[in-house]
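Next comes my_file_31.pdb, with PDB, C-alpha atoms.
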```
MODEL        1
ATOM      1  CA  MET A   1       0.000   0.000   0.000  1.00  0.00           C
ATOM      2  CA  ARG A   2       2.837   2.378   0.932  1.00  0.00           C
ATOM      3  CA  ARG A   3       4.541   1.644  -2.371  1.00  0.00           C
ATOM      4  CA  GLN A   4       1.390   2.645  -4.257  1.00  0.00           C
ATOM      5  CA  VAL A   5       1.116   5.953  -2.331  1.00  0.00           C
ATOM      6  CA  TRP A   6       4.750   6.801  -2.985  1.00  0.00           C
ATOM      7  CA  ALA A   7       4.310   5.975  -6.639  1.00  0.00           C
ATOM      8  CA  VAL A   8       1.413   8.422  -6.921  1.00  0.00           C
ATOM      9  CA  VAL A   9       3.396  11.148  -5.129  1.00  0.00           C
ATOM     10  CA  LEU A  10       6.420  10.665  -7.373  1.00  0.00           C
ATOM     11  CA  ALA A  11       4.250  10.739 -10.498  1.00  0.00           C
ATOM     12  CA  THR A  12       2.621  14.015  -9.390  1.00  0.00           C
ATOM     13  CA  VAL A  13       5.991  15.655  -8.678  1.00  0.00           C
ATOM     14  CA  LEU A  14       7.357  14.426 -11.982  1.00  0.00           C
ATOM     15  CA  VAL A  15       4.425  15.935 -13.899  1.00  0.00           C
ATOM     16  CA  ALA A  16       4.904  19.299 -12.145  1.00  0.00           C
ATOM     17  CA  VAL A  17       8.625  19.330 -12.926  1.00  0.00           C
ATOM     18  CA  VAL A  18       7.970  18.550 -16.588  1.00  0.00           C
ATOM     19  CA  GLY A  19       5.432  21.431 -16.755  1.00  0.00           C
ATOM     20  CA  VAL A  20       7.955  23.907 -15.365  1.00  0.00           C
ATOM     21  CA  VAL A  21      10.625  22.741 -17.810  1.00  0.00           C
ATOM     22  CA  VAL A  22       8.256  23.127 -20.778  1.00  0.00           C
ATOM     23  CA  ALA A  23       7.235  26.665 -19.703  1.00  0.00           C
ATOM     24  CA  LEU A  24      10.850  27.767 -19.336  1.00  0.00           C
ATOM     25  CA  ALA A  25      11.729  26.296 -22.715  1.00  0.00           C
ATOM     26  CA  SER A  26       8.874  28.223 -24.346  1.00  0.00           C
ATOM     27  CA  ARG A  27      10.062  31.537 -22.869  1.00  0.00           C
ATOM     28  CA  ASN A  28      13.639  30.921 -23.957  1.00  0.00           C
ATOM     29  CA  ASP A  29      12.509  30.014 -27.442  1.00  0.00           C
ATOM     30  CA  ALA A  30      10.458  33.196 -27.801  1.00  0.00           C
ATOM     31  CA  ALA A  31      13.323  35.304 -26.525  1.00  0.00           C
ATOM     32  CA  SER A  32      15.771  33.662 -28.907  1.00  0.00           C
ATOM     33  CA  ARG A  33      13.499  34.609 -31.831  1.00  0.00           C
ATOM     34  CA  GLY A  34      13.498  38.278 -30.756  1.00  0.00           C
ATOM     35  CA  GLY A  35       9.926  38.185 -29.473  1.00  0.00           C
ATOM     36  CA  ASP A  36       8.889  40.923 -27.051  1.00  0.00           C
ATOM     37  CA  LEU A  37       7.135  39.108 -24.250  1.00  0.00           C
ATOM     38  CA  ASP A  38       6.037  42.343 -22.643  1.00  0.00           C
ATOM     39  CA  ALA A  39       4.209  43.228 -25.848  1.00  0.00           C
ATOM     40  CA  VAL A  40       1.946  40.179 -25.684  1.00  0.00           C
ATOM     41  CA  PRO A  41      -1.416  41.240 -24.213  1.00  0.00           C
ATOM     42  CA  SER A  42      -2.551  39.541 -21.016  1.00  0.00           C
ATOM     43  CA  ALA A  43      -5.967  37.976 -20.622  1.00  0.00           C
ATOM     44  CA  GLY A  44      -8.736  40.497 -21.063  1.00  0.00           C
ATOM     45  CA  GLU A  45      -6.348  43.126 -22.473  1.00  0.00           C
ATOM     46  CA  SER A  46      -6.924  44.641 -25.896  1.00  0.00           C
ATOM     47  CA  PRO A  47      -4.218  43.633 -28.425  1.00  0.00           C
ATOM     48  CA  THR A  48      -3.683  47.360 -29.173  1.00  0.00           C
ATOM     49  CA  ALA A  49      -3.449  48.447 -25.547  1.00  0.00           C
ATOM     50  CA  ARG A  50       0.348  48.364 -25.587  1.00  0.00           C
ATOM     51  CA  THR A  51       2.677  49.722 -28.244  1.00  0.00           C
ATOM     52  CA  VAL A  52       6.173  48.553 -28.973  1.00  0.00           C
ATOM     53  CA  VAL A  53       8.239  51.611 -30.015  1.00  0.00           C
ATOM     54  CA  THR A  54      10.954  50.852 -32.555  1.00  0.00           C
ATOM     55  CA  PRO A  55      13.700  53.513 -32.759  1.00  0.00           C
ATOM     56  CA  ALA A  56      13.995  55.202 -36.163  1.00  0.00           C
ATOM     57  CA  PRO A  57      16.986  53.951 -38.149  1.00  0.00           C
ATOM     58  CA  PRO A  58      19.854  56.385 -38.637  1.00  0.00           C
ATOM     59  CA  PRO A  59      19.656  58.463 -41.848  1.00  0.00           C
ATOM     60  CA  THR A  60      21.158  56.754 -44.854  1.00  0.00           C
ATOM     61  CA  THR A  61      21.453  59.868 -47.051  1.00  0.00           C
ATOM     62  CA  ARG A  62      24.079  62.601 -46.764  1.00  0.00           C
ATOM     63  CA  PRO A  63      23.106  66.278 -46.607  1.00  0.00           C
ATOM     64  CA  SER A  64      23.097  67.878 -50.073  1.00  0.00           C
ATOM     65  CA  ARG A  65      26.058  70.107 -50.881  1.00  0.00           C
ATOM     66  CA  THR A  66      25.657  73.794 -51.530  1.00  0.00           C
ATOM     67  CA  ARG A  67      25.121  74.443 -55.228  1.00  0.00           C
ATOM     68  CA  PRO A  68      28.267  76.062 -56.680  1.00  0.00           C
ATOM     69  CA  ILE A  69      27.882  79.580 -58.081  1.00  0.00           C
ATOM     70  CA  VAL A  70      27.549  79.435 -61.851  1.00  0.00           C
ATOM     71  CA  TYR A  71      27.771  82.476 -64.147  1.00  0.00           C
ATOM     72  CA  VAL A  72      26.309  82.673 -67.650  1.00  0.00           C
ATOM     73  CA  PHE A  73      26.442  85.258 -70.410  1.00  0.00           C
ATOM     74  CA  PRO A  74      23.340  87.478 -70.038  1.00  0.00           C
ATOM     75  CA  VAL A  75      22.092  87.193 -73.633  1.00  0.00           C
ATOM     76  CA  GLY A  76      20.766  83.835 -74.767  1.00  0.00           C
ATOM     77  CA  GLY A  77      19.498  82.380 -78.029  1.00  0.00           C
ATOM     78  CA  CYS A  78      21.111  85.024 -80.243  1.00  0.00           C
ATOM     79  CA  LYS A  79      24.440  86.192 -81.542  1.00  0.00           C
ATOM     80  CA  ALA A  80      25.613  89.004 -79.278  1.00  0.00           C
ATOM     81  CA  SER A  81      28.682  91.224 -79.011  1.00  0.00           C
ATOM     82  CA  ALA A  82      29.660  93.077 -75.818  1.00  0.00           C
ATOM     83  CA  SER A  83      31.321  96.478 -76.125  1.00  0.00           C
ATOM     84  CA  GLN A  84      34.749  96.651 -74.504  1.00  0.00           C
ATOM     85  CA  SER A  85      34.226 100.219 -73.277  1.00  0.00           C
ATOM     86  CA  HIS A  86      31.433 102.554 -72.245  1.00  0.00           C
ATOM     87  CA  HIS A  87      30.926 106.302 -72.018  1.00  0.00           C
ATOM     88  CA  ASP A  88      31.091 108.217 -68.743  1.00  0.00           C
ATOM     89  CA  TYR A  89      30.621 105.321 -66.306  1.00  0.00           C
ATOM     90  CA  PRO A  90      31.415 101.566 -66.126  1.00  0.00           C
ATOM     91  CA  ALA A  91      29.018  99.377 -68.158  1.00  0.00           C
ATOM     92  CA  SER A  92      28.780  97.456 -71.424  1.00  0.00           C
ATOM     93  CA  ASP A  93      26.400  97.621 -74.362  1.00  0.00           C
ATOM     94  CA  ILE A  94      25.744  94.081 -75.573  1.00  0.00           C
ATOM     95  CA  PHE A  95      24.593  94.433 -79.151  1.00  0.00           C
ATOM     96  CA  ALA A  96      21.950  91.914 -80.225  1.00  0.00           C
ATOM     97  CA  LYS A  97      18.792  92.049 -82.281  1.00  0.00           C
ATOM     98  CA  VAL A  98      15.416  92.882 -80.736  1.00  0.00           C
ATOM     99  CA  GLY A  99      13.723  89.922 -79.044  1.00  0.00           C
ATOM    100  CA  CYS A 100      16.766  88.015 -77.765  1.00  0.00           C
ATOM    101  CA  ARG A 101      16.564  86.628 -74.247  1.00  0.00           C
ATOM    102  CA  PHE A 102      17.999  88.638 -71.386  1.00  0.00           C
ATOM    103  CA  VAL A 103      18.793  85.944 -68.817  1.00  0.00           C
ATOM    104  CA  ALA A 104      19.865  85.973 -65.182  1.00  0.00           C
ATOM    105  CA  PRO A 105      23.677  85.789 -65.158  1.00  0.00           C
ATOM    106  CA  VAL A 106      23.637  84.011 -61.786  1.00  0.00           C
ATOM    107  CA  ASP A 107      21.208  82.502 -59.273  1.00  0.00           C
ATOM    108  CA  GLY A 108      19.515  85.214 -57.234  1.00  0.00           C
ATOM    109  CA  ARG A 109      16.355  87.260 -56.807  1.00  0.00           C
ATOM    110  CA  VAL A 110      14.751  89.984 -58.891  1.00  0.00           C
ATOM    111  CA  ASP A 111      15.579  93.393 -57.411  1.00  0.00           C
ATOM    112  CA  GLU A 112      13.865  96.177 -59.393  1.00  0.00           C
ATOM    113  CA  VAL A 113      11.655  96.158 -62.479  1.00  0.00           C
ATOM    114  CA  THR A 114      10.803  99.140 -64.722  1.00  0.00           C
ATOM    115  CA  ARG A 115       7.902  98.452 -67.101  1.00  0.00           C
ATOM    116  CA  VAL A 116       7.214 101.956 -68.451  1.00  0.00           C
ATOM    117  CA  ASP A 117       9.477 103.765 -70.911  1.00  0.00           C
ATOM    118  CA  GLU A 118       9.477 107.420 -69.860  1.00  0.00           C
ATOM    119  CA  TRP A 119      12.607 108.552 -71.677  1.00  0.00           C
ATOM    120  CA  ASP A 120      12.268 111.837 -73.559  1.00  0.00           C
ATOM    121  CA  PRO A 121      15.108 112.710 -75.957  1.00  0.00           C
ATOM    122  CA  LYS A 122      14.440 116.424 -75.383  1.00  0.00           C
ATOM    123  CA  THR A 123      15.321 116.219 -71.700  1.00  0.00           C
ATOM    124  CA  ASN A 124      17.409 113.012 -71.677  1.00  0.00           C
ATOM    125  CA  VAL A 125      16.958 112.589 -67.915  1.00  0.00           C
ATOM    126  CA  GLY A 126      19.431 110.039 -66.564  1.00  0.00           C
ATOM    127  CA  ARG A 127      16.932 107.998 -64.544  1.00  0.00           C
ATOM    128  CA  ASP A 128      14.849 107.385 -67.684  1.00  0.00           C
ATOM    129  CA  ARG A 129      17.604 106.492 -70.129  1.00  0.00           C
ATOM    130  CA  GLY A 130      17.306 102.754 -69.493  1.00  0.00           C
ATOM    131  CA  GLY A 131      13.690 102.481 -70.612  1.00  0.00           C
ATOM    132  CA  LEU A 132      12.385  99.045 -69.602  1.00  0.00           C
ATOM    133  CA  SER A 133      14.773  97.332 -67.208  1.00  0.00           C
ATOM    134  CA  VAL A 134      15.272  94.457 -64.755  1.00  0.00           C
ATOM    135  CA  SER A 135      17.920  94.052 -62.081  1.00  0.00           C
ATOM    136  CA  VAL A 136      18.858  90.928 -60.119  1.00  0.00           C
ATOM    137  CA  VAL A 137      20.795  90.590 -56.862  1.00  0.00           C
ATOM    138  CA  GLY A 138      22.795  87.395 -57.152  1.00  0.00           C
ATOM    139  CA  VAL A 139      23.551  84.836 -54.458  1.00  0.00           C
ATOM    140  CA  ASP A 140      27.058  86.295 -54.607  1.00  0.00           C
ATOM    141  CA  GLY A 141      25.728  89.610 -53.254  1.00  0.00           C
ATOM    142  CA  VAL A 142      26.307  91.504 -56.514  1.00  0.00           C
ATOM    143  CA  ARG A 143      23.595  93.327 -58.471  1.00  0.00           C
ATOM    144  CA  TYR A 144      23.255  92.831 -62.232  1.00  0.00           C
ATOM    145  CA  TYR A 145      21.234  95.267 -64.351  1.00  0.00           C
ATOM    146  CA  GLY A 146      19.895  95.037 -67.894  1.00  0.00           C
ATOM    147  CA  SER A 147      17.967  97.765 -69.721  1.00  0.00           C
ATOM    148  CA  HIS A 148      16.584  98.941 -73.099  1.00  0.00           C
ATOM    149  CA  LEU A 149      14.321  95.858 -72.966  1.00  0.00           C
ATOM    150  CA  SER A 150      11.352  95.340 -75.273  1.00  0.00           C
ATOM    151  CA  ALA A 151       9.172  93.093 -73.083  1.00  0.00           C
ATOM    152  CA  ILE A 152       9.146  91.812 -69.519  1.00  0.00           C
ATOM    153  CA  PRO A 153       6.995  88.787 -68.534  1.00  0.00           C
ATOM    154  CA  ALA A 154       4.287  89.507 -65.960  1.00  0.00           C
ATOM    155  CA  GLY A 155       5.787  86.990 -63.560  1.00  0.00           C
ATOM    156  CA  ILE A 156       9.092  88.843 -63.270  1.00  0.00           C
ATOM    157  CA  LYS A 157       8.577  90.786 -60.055  1.00  0.00           C
ATOM    158  CA  PRO A 158      10.798  92.044 -57.218  1.00  0.00           C
ATOM    159  CA  GLY A 159      11.585  89.228 -54.811  1.00  0.00           C
ATOM    160  CA  LEU A 160      11.198  86.429 -57.366  1.00  0.00           C
ATOM    161  CA  GLN A 161      13.891  83.764 -57.015  1.00  0.00           C
ATOM    162  CA  VAL A 162      15.603  83.028 -60.332  1.00  0.00           C
ATOM    163  CA  ARG A 163      18.273  80.650 -61.600  1.00  0.00           C
ATOM    164  CA  ALA A 164      21.253  81.388 -63.813  1.00  0.00           C
ATOM    165  CA  GLY A 165      20.108  81.278 -67.442  1.00  0.00           C
ATOM    166  CA  GLN A 166      16.447  81.939 -66.607  1.00  0.00           C
ATOM    167  CA  THR A 167      14.760  84.410 -68.955  1.00  0.00           C
ATOM    168  CA  LEU A 168      14.089  87.785 -67.377  1.00  0.00           C
ATOM    169  CA  ALA A 169      12.998  89.782 -70.435  1.00  0.00           C
ATOM    170  CA  LEU A 170      13.619  90.370 -74.147  1.00  0.00           C
ATOM    171  CA  THR A 171      16.183  92.761 -75.583  1.00  0.00           C
ATOM    172  CA  GLY A 172      14.986  95.864 -77.382  1.00  0.00           C
ATOM    173  CA  LYS A 173      15.357  99.573 -78.125  1.00  0.00           C
ATOM    174  CA  THR A 174      13.549 101.356 -75.289  1.00  0.00           C
ATOM    175  CA  GLY A 175      14.925 104.404 -73.519  1.00  0.00           C
ATOM    176  CA  SER A 176      17.897 106.088 -75.138  1.00  0.00           C
ATOM    177  CA  ALA A 177      18.420 103.012 -77.366  1.00  0.00           C
ATOM    178  CA  ARG A 178      15.630 104.295 -79.636  1.00  0.00           C
ATOM    179  CA  ALA A 179      18.301 106.264 -81.470  1.00  0.00           C
ATOM    180  CA  THR A 180      20.956 103.493 -81.552  1.00  0.00           C
ATOM    181  CA  PRO A 181      21.248  99.905 -82.764  1.00  0.00           C
ATOM    182  CA  ALA A 182      19.381  97.474 -80.499  1.00  0.00           C
ATOM    183  CA  HIS A 183      21.403  96.406 -77.487  1.00  0.00           C
ATOM    184  CA  LEU A 184      21.263  95.332 -73.850  1.00  0.00           C
ATOM    185  CA  HIS A 185      22.825  97.824 -71.478  1.00  0.00           C
ATOM    186  CA  PHE A 186      24.503  95.708 -68.788  1.00  0.00           C
ATOM    187  CA  GLY A 187      25.747  97.032 -65.456  1.00  0.00           C
ATOM    188  CA  ILE A 188      27.330  95.524 -62.342  1.00  0.00           C
ATOM    189  CA  SER A 189      27.122  97.186 -58.921  1.00  0.00           C
ATOM    190  CA  TRP A 190      26.465  96.612 -55.246  1.00  0.00           C
ATOM    191  CA  PRO A 191      22.849  96.448 -53.982  1.00  0.00           C
ATOM    192  CA  THR A 192      21.266  99.694 -52.786  1.00  0.00           C
ATOM    193  CA  ALA A 193      17.887 100.981 -51.723  1.00  0.00           C
ATOM    194  CA  ALA A 194      15.363 101.189 -54.565  1.00  0.00           C
ATOM    195  CA  GLY A 195      15.666 104.049 -57.030  1.00  0.00           C
ATOM    196  CA  LYS A 196      19.411 104.706 -56.897  1.00  0.00           C
ATOM    197  CA  TRP A 197      19.731 104.357 -60.647  1.00  0.00           C
ATOM    198  CA  TRP A 198      23.152 106.123 -60.807  1.00  0.00           C
ATOM    199  CA  ILE A 199      24.700 103.137 -59.025  1.00  0.00           C
ATOM    200  CA  ARG A 200      22.417 100.483 -60.463  1.00  0.00           C
ATOM    201  CA  ARG A 201      23.295 101.385 -64.080  1.00  0.00           C
ATOM    202  CA  GLY A 202      26.922 100.286 -63.504  1.00  0.00           C
ATOM    203  CA  SER A 203      29.747 100.816 -61.012  1.00  0.00           C
ATOM    204  CA  VAL A 204      32.285  98.161 -62.037  1.00  0.00           C
ATOM    205  CA  SER A 205      33.577  97.531 -65.553  1.00  0.00           C
ATOM    206  CA  PRO A 206      31.885  94.266 -66.628  1.00  0.00           C
ATOM    207  CA  GLN A 207      33.917  93.511 -69.765  1.00  0.00           C
ATOM    208  CA  SER A 208      36.307  90.911 -68.305  1.00  0.00           C
ATOM    209  CA  TYR A 209      33.417  89.032 -66.706  1.00  0.00           C
ATOM    210  CA  LEU A 210      31.262  89.109 -69.826  1.00  0.00           C
ATOM    211  CA  ASN A 211      34.166  87.818 -71.924  1.00  0.00           C
ATOM    212  CA  ALA A 212      34.794  84.966 -69.478  1.00  0.00           C
ATOM    213  CA  TRP A 213      31.129  83.982 -69.229  1.00  0.00           C
ATOM    214  CA  HIS A 214      30.764  84.100 -72.992  1.00  0.00           C
ATOM    215  CA  ASP A 215      33.562  81.521 -73.193  1.00  0.00           C
ATOM    216  CA  GLY A 216      31.971  79.317 -70.531  1.00  0.00           C
ATOM    217  CA  LYS A 217      34.459  80.270 -67.820  1.00  0.00           C
ATOM    218  CA  THR A 218      33.730  81.148 -64.190  1.00  0.00           C
ATOM    219  CA  LEU A 219      34.894  84.587 -63.126  1.00  0.00           C
ATOM    220  CA  SER A 220      33.356  86.344 -60.117  1.00  0.00           C
ATOM    221  CA  PRO A 221      33.084  90.144 -59.751  1.00  0.00           C
ATOM    222  CA  VAL A 222      32.574  89.961 -55.967  1.00  0.00           C
ATOM    223  CA  GLN A 223      35.985  91.329 -54.962  1.00  0.00           C
ATOM    224  CA  ALA A 224      35.971  94.045 -57.618  1.00  0.00           C
ATOM    225  CA  VAL A 225      32.539  95.214 -56.485  1.00  0.00           C
ATOM    226  CA  ALA A 226      33.680  95.321 -52.853  1.00  0.00           C
ATOM    227  CA  ARG A 227      36.697  97.454 -53.788  1.00  0.00           C
ATOM    228  CA  ALA A 228      34.572  99.785 -55.907  1.00  0.00           C
ATOM    229  CA  ARG A 229      32.062 100.251 -53.116  1.00  0.00           C
ATOM    230  CA  THR A 230      34.810 101.207 -50.673  1.00  0.00           C
ATOM    231  CA  ALA A 231      36.369 103.622 -53.161  1.00  0.00           C
ATOM    232  CA  TYR A 232      32.985 105.203 -53.951  1.00  0.00           C
ATOM    233  CA  GLY A 233      32.533 106.345 -50.372  1.00  0.00           C
ATOM    234  CA  VAL A 234      29.448 108.203 -49.232  1.00  0.00           C
ATOM    235  CA  ASP A 235      26.635 108.225 -51.780  1.00  0.00           C
ATOM    236  CA  ARG A 236      25.518 111.802 -52.397  1.00  0.00           C
ATOM    237  CA  GLY A 237      23.614 111.130 -55.609  1.00  0.00           C
ATOM    238  CA  CYS A 238      24.427 111.047 -59.286  1.00  0.00           C
ATOM    239  CA  ARG A 239      27.978 112.131 -60.143  1.00  0.00           C
ATOM    240  CA  SER A 240      28.131 111.837 -63.937  1.00  0.00           C
ATOM    241  CA  TYR A 241      25.834 111.774 -66.961  1.00  0.00           C
ATOM    242  CA  CYS A 242      22.901 112.761 -64.816  1.00  0.00           C
TER     243      CYS A 242
ENDMDL
END
```
Please lay out the structure from this file as structure tokens.
Amino acid sequence: MRRQVWAVVLATVLVAVVGVVVALASRNDAASRGGDLDAVPSAGESPTARTVVTPAPPPTTRPSRTRPIVYVFPVGGCKASASQSHHDYPASDIFAKVGCRFVAPVDGRVDEVTRVDEWDPKTNVGRDRGGLSVSVVGVDGVRYYGSHLSAIPAGIKPGLQVRAGQTLALTGKTGSARATPAHLHFGISWPTAAGKWWIRRGSVSPQSYLNAWHDGKTLSPVQAVARARTAYGVDRGCRSYC
């Protein structure tokens, strides 16, 4: 009788031990497969009651590099010839037929736009000599000015961001160019408050830059403009050909 009782006791203990071993093996197996035991809902718990947060992977792309400054010749789609000198103040007359594209010579933003030709040959007022005009302040901090234009698209407005080579207007014969062959008056200067046409029309000789850009070379006027601005000193208004 005692042997039978002991047999029953041993069998019960053995069953309990086997159950514990199986449970431990199940937990180890789940852990070895990467399972998150804490994420498994308990009885009566909604499957969405707990959230397993997975950290975002590190970025796989590198930050984009700053776009290099590119300069282009300001007349596109036509044969054009830049004068190697200019009367009374630094500038260049780029001779081209009416309707050629005046393009942004560098990335930047539109500065000033003149859409009305008010030049009168009887008075020849300096501020009106350019006729229709557009200026752009480049990402290099330099202002580029083109005038005697024949047409300016409605979308070309102050503040508009433009890219090098983007069309700003069409060349023409407005302003004082009514009495000369068609050309684009091109000037380089430092930015100023609106309306200071005596600086905007040209303060640095642009010939070397135009020649380089025409040949597809990169040549920046930044340093020359900085020197010219220092040499100019205090701005007291128009000083020549006013």
d(CA of Asp140 in chain A, CA of Gln161 in chain A) in Å: 13.6 Å
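Taking all atoms listed in the file into account, Asp215 in chain A lies nearest to A:Val72 out of the set A:Val103, A:Val72, A:Cys242, A:Cys78.
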Result set of the PyMOL selection byres ((chain A and resi 163-166) around 12) on the coordinates above, as a PyMOL selection string: chain A and resi 67-77+101-110+136-140+144+153+156+160-162+167-170+213
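Evaluated against this file, the PyMOL selection byres ((chain A and resi 90) around 8) yields Ser85, His86, His87, Asp88, Tyr89, Ala91, Ser92, Gly187, Gly202, Ser203, Val204, Ser205 and Pro206 of chain A.
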Going by the chain IDs and residue numbers used in this file, which residues fall under the PyMOL selection byres ((chain A and resi 95-99) around 6)? Write them as a PDB file with C-alpha atoms, keeping the file's coordinate frame.
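The new file selection18.pdb reads:
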```
ATOM      1  CA  ALA A  80      25.613  89.004 -79.278  1.00  0.00           C
ATOM      2  CA  SER A  81      28.682  91.224 -79.011  1.00  0.00           C
ATOM      3  CA  ILE A  94      25.744  94.081 -75.573  1.00  0.00           C
ATOM      4  CA  CYS A 100      16.766  88.015 -77.765  1.00  0.00           C
ATOM      5  CA  LEU A 170      13.619  90.370 -74.147  1.00  0.00           C
ATOM      6  CA  THR A 171      16.183  92.761 -75.583  1.00  0.00           C
ATOM      7  CA  GLY A 172      14.986  95.864 -77.382  1.00  0.00           C
ATOM      8  CA  ALA A 182      19.381  97.474 -80.499  1.00  0.00           C
ATOM      9  CA  HIS A 183      21.403  96.406 -77.487  1.00  0.00           C
TER      10      HIS A 183
END
```
Interatomic distance, CA of Ala82 in chain A to CA of Tyr145 in chain A (Å, one decimal): 14.4 Å
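Using only C-alpha atoms, the smallest distance between any of A:Phe186, A:Tyr232, A:Trp197, A:Trp119 and Ser83 in chain A comes from A:Phe186.
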Point-to-point distance in Å for CA of Val125 in chain A and CA of Gly159 in chain A: 27.3 Å
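Those residues that approach Trp198 in chain A to within 9 Å, counting only C-alpha atoms, are Gly126, Arg127, Gly237, Cys238, Arg239, Ser240, Tyr241 and Cys242 of chain A; same-chain residues fewer than 6 positions away are not listed.
Closest approach to Ser135 in chain A among A:Thr114, A:Ser208, A:Thr218, A:Thr180: A:Thr114, based on all atoms listed in the file.
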Who sits within 10 Å of Gly195 in chain A, all atoms listed in the file, same chain under 4 positions skipped, as a PyMOL selection string: chain A and resi 112+127+199-200
Mind dumping the selected residues with C-alpha atoms as a PDB file, in the frame of the given file?
```pdb
ATOM      1  CA  GLU A 112      13.865  96.177 -59.393  1.00  0.00           C
ATOM      2  CA  ARG A 127      16.932 107.998 -64.544  1.00  0.00           C
ATOM      3  CA  ILE A 199      24.700 103.137 -59.025  1.00  0.00           C
ATOM      4  CA  ARG A 200      22.417 100.483 -60.463  1.00  0.00           C
TER       5      ARG A 200
END
```
Minimum-distance residue to Lys173 in chain A, chosen among A:Pro191, A:Gly130, A:Pro221, A:Pro121 (using all atoms listed in the file): A:Gly130
